[in-house]
$ cat work_16.pdb   # PDB, N, CA and C atoms
MODEL        1
ATOM      1  N   MET A   1     104.840  61.837 135.900  1.00  0.00           N
ATOM      2  CA  MET A   1     104.431  63.150 135.415  1.00  0.00           C
ATOM      3  C   MET A   1     104.820  63.327 133.957  1.00  0.00           C
ATOM      4  N   ALA A   2     103.942  63.925 133.227  1.00  0.00           N
ATOM      5  CA  ALA A   2     104.221  64.210 131.825  1.00  0.00           C
ATOM      6  C   ALA A   2     104.979  65.534 131.718  1.00  0.00           C
ATOM      7  N   THR A   3     105.950  65.566 130.837  1.00  0.00           N
ATOM      8  CA  THR A   3     106.687  66.811 130.629  1.00  0.00           C
ATOM      9  C   THR A   3     105.937  67.665 129.615  1.00  0.00           C
ATOM     10  N   LYS A   4     106.047  68.961 129.765  1.00  0.00           N
ATOM     11  CA  LYS A   4     105.368  69.884 128.868  1.00  0.00           C
ATOM     12  C   LYS A   4     106.111  69.937 127.541  1.00  0.00           C
ATOM     13  N   LYS A   5     105.363  69.746 126.473  1.00  0.00           N
ATOM     14  CA  LYS A   5     105.943  69.753 125.134  1.00  0.00           C
ATOM     15  C   LYS A   5     106.134  71.196 124.654  1.00  0.00           C
ATOM     16  N   ALA A   6     107.238  71.465 124.001  1.00  0.00           N
ATOM     17  CA  ALA A   6     107.527  72.803 123.467  1.00  0.00           C
ATOM     18  C   ALA A   6     106.552  73.140 122.344  1.00  0.00           C
ATOM     19  N   ALA A   7     106.275  74.421 122.167  1.00  0.00           N
ATOM     20  CA  ALA A   7     105.380  74.881 121.113  1.00  0.00           C
ATOM     21  C   ALA A   7     105.965  74.552 119.749  1.00  0.00           C
ATOM     22  N   PHE A   8     105.096  74.171 118.825  1.00  0.00           N
ATOM     23  CA  PHE A   8     105.529  73.834 117.475  1.00  0.00           C
ATOM     24  C   PHE A   8     105.949  75.097 116.726  1.00  0.00           C
ATOM     25  N   GLY A   9     107.069  75.088 116.095  1.00  0.00           N
ATOM     26  CA  GLY A   9     107.498  76.171 115.225  1.00  0.00           C
ATOM     27  C   GLY A   9     108.376  77.219 115.880  1.00  0.00           C
ATOM     28  N   GLY A  10     108.155  77.524 117.111  1.00  0.00           N
ATOM     29  CA  GLY A  10     108.981  78.495 117.796  1.00  0.00           C
ATOM     30  C   GLY A  10     108.815  79.913 117.311  1.00  0.00           C
ATOM     31  N   TYR A  11     107.650  80.280 116.785  1.00  0.00           N
ATOM     32  CA  TYR A  11     107.389  81.622 116.260  1.00  0.00           C
ATOM     33  C   TYR A  11     106.957  82.512 117.414  1.00  0.00           C
ATOM     34  N   THR A  12     107.640  83.622 117.632  1.00  0.00           N
ATOM     35  CA  THR A  12     107.299  84.514 118.732  1.00  0.00           C
ATOM     36  C   THR A  12     107.083  85.940 118.243  1.00  0.00           C
ATOM     37  N   ILE A  13     106.206  86.633 118.946  1.00  0.00           N
ATOM     38  CA  ILE A  13     105.952  88.047 118.675  1.00  0.00           C
ATOM     39  C   ILE A  13     106.176  88.784 119.980  1.00  0.00           C
ATOM     40  N   ASN A  14     106.989  89.840 119.957  1.00  0.00           N
ATOM     41  CA  ASN A  14     107.320  90.574 121.160  1.00  0.00           C
ATOM     42  C   ASN A  14     106.890  92.025 121.001  1.00  0.00           C
ATOM     43  N   PHE A  15     105.931  92.460 121.852  1.00  0.00           N
ATOM     44  CA  PHE A  15     105.446  93.832 121.803  1.00  0.00           C
ATOM     45  C   PHE A  15     106.137  94.718 122.837  1.00  0.00           C
ATOM     46  N   LYS A  16     107.183  94.228 123.462  1.00  0.00           N
ATOM     47  CA  LYS A  16     107.880  94.990 124.490  1.00  0.00           C
ATOM     48  C   LYS A  16     108.466  96.264 123.882  1.00  0.00           C
ATOM     49  N   GLY A  17     108.217  97.373 124.540  1.00  0.00           N
ATOM     50  CA  GLY A  17     108.742  98.649 124.084  1.00  0.00           C
ATOM     51  C   GLY A  17     107.841  99.384 123.115  1.00  0.00           C
ATOM     52  N   CYS A  18     106.748  98.771 122.663  1.00  0.00           N
ATOM     53  CA  CYS A  18     105.809  99.438 121.750  1.00  0.00           C
ATOM     54  C   CYS A  18     104.979 100.436 122.542  1.00  0.00           C
ATOM     55  N   THR A  19     104.820 101.623 122.009  1.00  0.00           N
ATOM     56  CA  THR A  19     104.063 102.662 122.708  1.00  0.00           C
ATOM     57  C   THR A  19     102.766 103.022 121.989  1.00  0.00           C
ATOM     58  N   ASP A  20     102.470 102.364 120.868  1.00  0.00           N
ATOM     59  CA  ASP A  20     101.246 102.655 120.127  1.00  0.00           C
ATOM     60  C   ASP A  20     100.021 102.197 120.900  1.00  0.00           C
ATOM     61  N   THR A  21      98.939 102.958 120.777  1.00  0.00           N
ATOM     62  CA  THR A  21      97.683 102.591 121.419  1.00  0.00           C
ATOM     63  C   THR A  21      96.915 101.630 120.522  1.00  0.00           C
ATOM     64  N   VAL A  22      95.874 101.035 121.081  1.00  0.00           N
ATOM     65  CA  VAL A  22      95.025 100.138 120.302  1.00  0.00           C
ATOM     66  C   VAL A  22      94.370 100.907 119.162  1.00  0.00           C
ATOM     67  N   GLU A  23      93.977 102.147 119.413  1.00  0.00           N
ATOM     68  CA  GLU A  23      93.367 102.959 118.370  1.00  0.00           C
ATOM     69  C   GLU A  23      94.349 103.264 117.241  1.00  0.00           C
ATOM     70  N   ALA A  24      95.614 103.390 117.563  1.00  0.00           N
ATOM     71  CA  ALA A  24      96.620 103.642 116.531  1.00  0.00           C
ATOM     72  C   ALA A  24      96.776 102.428 115.625  1.00  0.00           C
ATOM     73  N   VAL A  25      96.577 101.240 116.171  1.00  0.00           N
ATOM     74  CA  VAL A  25      96.730 100.011 115.388  1.00  0.00           C
ATOM     75  C   VAL A  25      95.449  99.684 114.622  1.00  0.00           C
ATOM     76  N   PHE A  26      94.280  99.738 115.297  1.00  0.00           N
ATOM     77  CA  PHE A  26      93.019  99.295 114.704  1.00  0.00           C
ATOM     78  C   PHE A  26      92.121 100.419 114.215  1.00  0.00           C
ATOM     79  N   GLY A  27      92.379 101.663 114.591  1.00  0.00           N
ATOM     80  CA  GLY A  27      91.500 102.767 114.239  1.00  0.00           C
ATOM     81  C   GLY A  27      90.448 102.966 115.316  1.00  0.00           C
ATOM     82  N   ASN A  28      89.622 103.984 115.163  1.00  0.00           N
ATOM     83  CA  ASN A  28      88.644 104.284 116.210  1.00  0.00           C
ATOM     84  C   ASN A  28      87.229 103.885 115.832  1.00  0.00           C
ATOM     85  N   LYS A  29      87.046 103.144 114.749  1.00  0.00           N
ATOM     86  CA  LYS A  29      85.740 102.642 114.335  1.00  0.00           C
ATOM     87  C   LYS A  29      85.665 101.146 114.630  1.00  0.00           C
ATOM     88  N   PRO A  30      84.459 100.601 114.766  1.00  0.00           N
ATOM     89  CA  PRO A  30      84.323  99.155 114.981  1.00  0.00           C
ATOM     90  C   PRO A  30      84.986  98.361 113.850  1.00  0.00           C
ATOM     91  N   VAL A  31      85.656  97.269 114.209  1.00  0.00           N
ATOM     92  CA  VAL A  31      86.398  96.461 113.245  1.00  0.00           C
ATOM     93  C   VAL A  31      85.960  95.006 113.389  1.00  0.00           C
ATOM     94  N   SER A  32      85.778  94.324 112.277  1.00  0.00           N
ATOM     95  CA  SER A  32      85.425  92.906 112.318  1.00  0.00           C
ATOM     96  C   SER A  32      86.652  92.102 112.765  1.00  0.00           C
ATOM     97  N   PRO A  33      86.435  90.909 113.312  1.00  0.00           N
ATOM     98  CA  PRO A  33      87.573  90.088 113.748  1.00  0.00           C
ATOM     99  C   PRO A  33      88.579  89.798 112.634  1.00  0.00           C
ATOM    100  N   SER A  34      88.111  89.558 111.426  1.00  0.00           N
ATOM    101  CA  SER A  34      89.046  89.269 110.335  1.00  0.00           C
ATOM    102  C   SER A  34      89.890  90.495 109.987  1.00  0.00           C
ATOM    103  N   ASP A  35      89.272  91.682 109.982  1.00  0.00           N
ATOM    104  CA  ASP A  35      90.038  92.905 109.722  1.00  0.00           C
ATOM    105  C   ASP A  35      91.001  93.202 110.861  1.00  0.00           C
ATOM    106  N   MET A  36      90.595  92.866 112.080  1.00  0.00           N
ATOM    107  CA  MET A  36      91.462  93.072 113.235  1.00  0.00           C
ATOM    108  C   MET A  36      92.739  92.234 113.091  1.00  0.00           C
ATOM    109  N   THR A  37      92.566  90.992 112.673  1.00  0.00           N
ATOM    110  CA  THR A  37      93.712  90.108 112.471  1.00  0.00           C
ATOM    111  C   THR A  37      94.633  90.644 111.383  1.00  0.00           C
ATOM    112  N   LYS A  38      94.054  91.117 110.290  1.00  0.00           N
ATOM    113  CA  LYS A  38      94.854  91.667 109.187  1.00  0.00           C
ATOM    114  C   LYS A  38      95.645  92.890 109.633  1.00  0.00           C
ATOM    115  N   LYS A  39      94.992  93.783 110.382  1.00  0.00           N
ATOM    116  CA  LYS A  39      95.665  94.989 110.847  1.00  0.00           C
ATOM    117  C   LYS A  39      96.753  94.668 111.864  1.00  0.00           C
ATOM    118  N   LEU A  40      96.501  93.691 112.720  1.00  0.00           N
ATOM    119  CA  LEU A  40      97.496  93.299 113.712  1.00  0.00           C
ATOM    120  C   LEU A  40      98.733  92.734 113.037  1.00  0.00           C
ATOM    121  N   TRP A  41      98.561  91.855 112.048  1.00  0.00           N
ATOM    122  CA  TRP A  41      99.707  91.287 111.337  1.00  0.00           C
ATOM    123  C   TRP A  41     100.438  92.336 110.508  1.00  0.00           C
ATOM    124  N   ALA A  42      99.715  93.284 109.945  1.00  0.00           N
ATOM    125  CA  ALA A  42     100.363  94.366 109.210  1.00  0.00           C
ATOM    126  C   ALA A  42     101.245  95.182 110.157  1.00  0.00           C
ATOM    127  N   TYR A  43     100.747  95.434 111.378  1.00  0.00           N
ATOM    128  CA  TYR A  43     101.516  96.170 112.384  1.00  0.00           C
ATOM    129  C   TYR A  43     102.766  95.384 112.788  1.00  0.00           C
ATOM    130  N   VAL A  44     102.601  94.092 113.015  1.00  0.00           N
ATOM    131  CA  VAL A  44     103.738  93.230 113.412  1.00  0.00           C
ATOM    132  C   VAL A  44     104.796  93.224 112.320  1.00  0.00           C
ATOM    133  N   LYS A  45     104.385  93.091 111.079  1.00  0.00           N
ATOM    134  CA  LYS A  45     105.342  93.062 109.963  1.00  0.00           C
ATOM    135  C   LYS A  45     106.020  94.418 109.767  1.00  0.00           C
ATOM    136  N   LYS A  46     105.247  95.505 109.879  1.00  0.00           N
ATOM    137  CA  LYS A  46     105.791  96.856 109.677  1.00  0.00           C
ATOM    138  C   LYS A  46     106.868  97.180 110.714  1.00  0.00           C
ATOM    139  N   HIS A  47     106.636  96.772 111.958  1.00  0.00           N
ATOM    140  CA  HIS A  47     107.561  97.087 113.037  1.00  0.00           C
ATOM    141  C   HIS A  47     108.537  95.942 113.350  1.00  0.00           C
ATOM    142  N   ARG A  48     108.517  94.910 112.530  1.00  0.00           N
ATOM    143  CA  ARG A  48     109.428  93.766 112.659  1.00  0.00           C
ATOM    144  C   ARG A  48     109.437  93.201 114.084  1.00  0.00           C
ATOM    145  N   LEU A  49     108.262  92.825 114.568  1.00  0.00           N
ATOM    146  CA  LEU A  49     108.130  92.315 115.932  1.00  0.00           C
ATOM    147  C   LEU A  49     108.177  90.796 115.995  1.00  0.00           C
ATOM    148  N   ALA A  50     108.085  90.109 114.875  1.00  0.00           N
ATOM    149  CA  ALA A  50     108.060  88.655 114.848  1.00  0.00           C
ATOM    150  C   ALA A  50     109.461  88.082 114.634  1.00  0.00           C
ATOM    151  N   LYS A  51     109.686  86.963 115.276  1.00  0.00           N
ATOM    152  CA  LYS A  51     110.970  86.270 115.126  1.00  0.00           C
ATOM    153  C   LYS A  51     110.735  84.800 114.942  1.00  0.00           C
TER     154      LYS A  51
ENDMDL
END

$ encode --input "work_16.pdb" --output "structure tokens"
Amino acid sequence: MATKKAAFGGYTINFKGCTDTVEAVFGNKPVSPSDMTKKLWAYVKKHRLAK
């Protein structure tokens, strides 16, 4: 049996305890995938969710 290899880099994002809605993060208008990614990372950085 092959053993499972650990993820490269060990970068984790934890949203546990966050109470914001999707609309609070992305807004209530349609968003392109690239803008969605930018807004998600801005939210992660603002709330210091990455380790």

$ select_by_dssp --input "work_16.pdb" --residues "segment 12-48 of chain A" --states "alpha helix (DSSP H)" --output "count of residues only"
19

$ atom_distance --input "work_16.pdb" --atom1 "atom C of Cys18 of chain A" --atom2 "atom CA of Ala50 of chain A"
14.4 Å

$ atom_distance --input "work_16.pdb" --atom1 "atom C of Val22 of chain A" --atom2 "atom CA of Gly9 of chain A"
28.3 Å

$ residues_around --input "work_16.pdb" --residues "segment 24-34 of chain A" --least-positions-apart "5" --cutoff "12 Å" --atoms "only C-alpha atoms" --output "list in words"
Cys18, Thr19, Lys39, Leu40, Trp41, Ala42, Tyr43, Val44, Lys46 and His47 of chain A

$ atom_distance --input "work_16.pdb" --atom1 "atom CA of Tyr11 of chain A" --atom2 "atom C of Arg48 of chain A"
12.0 Å
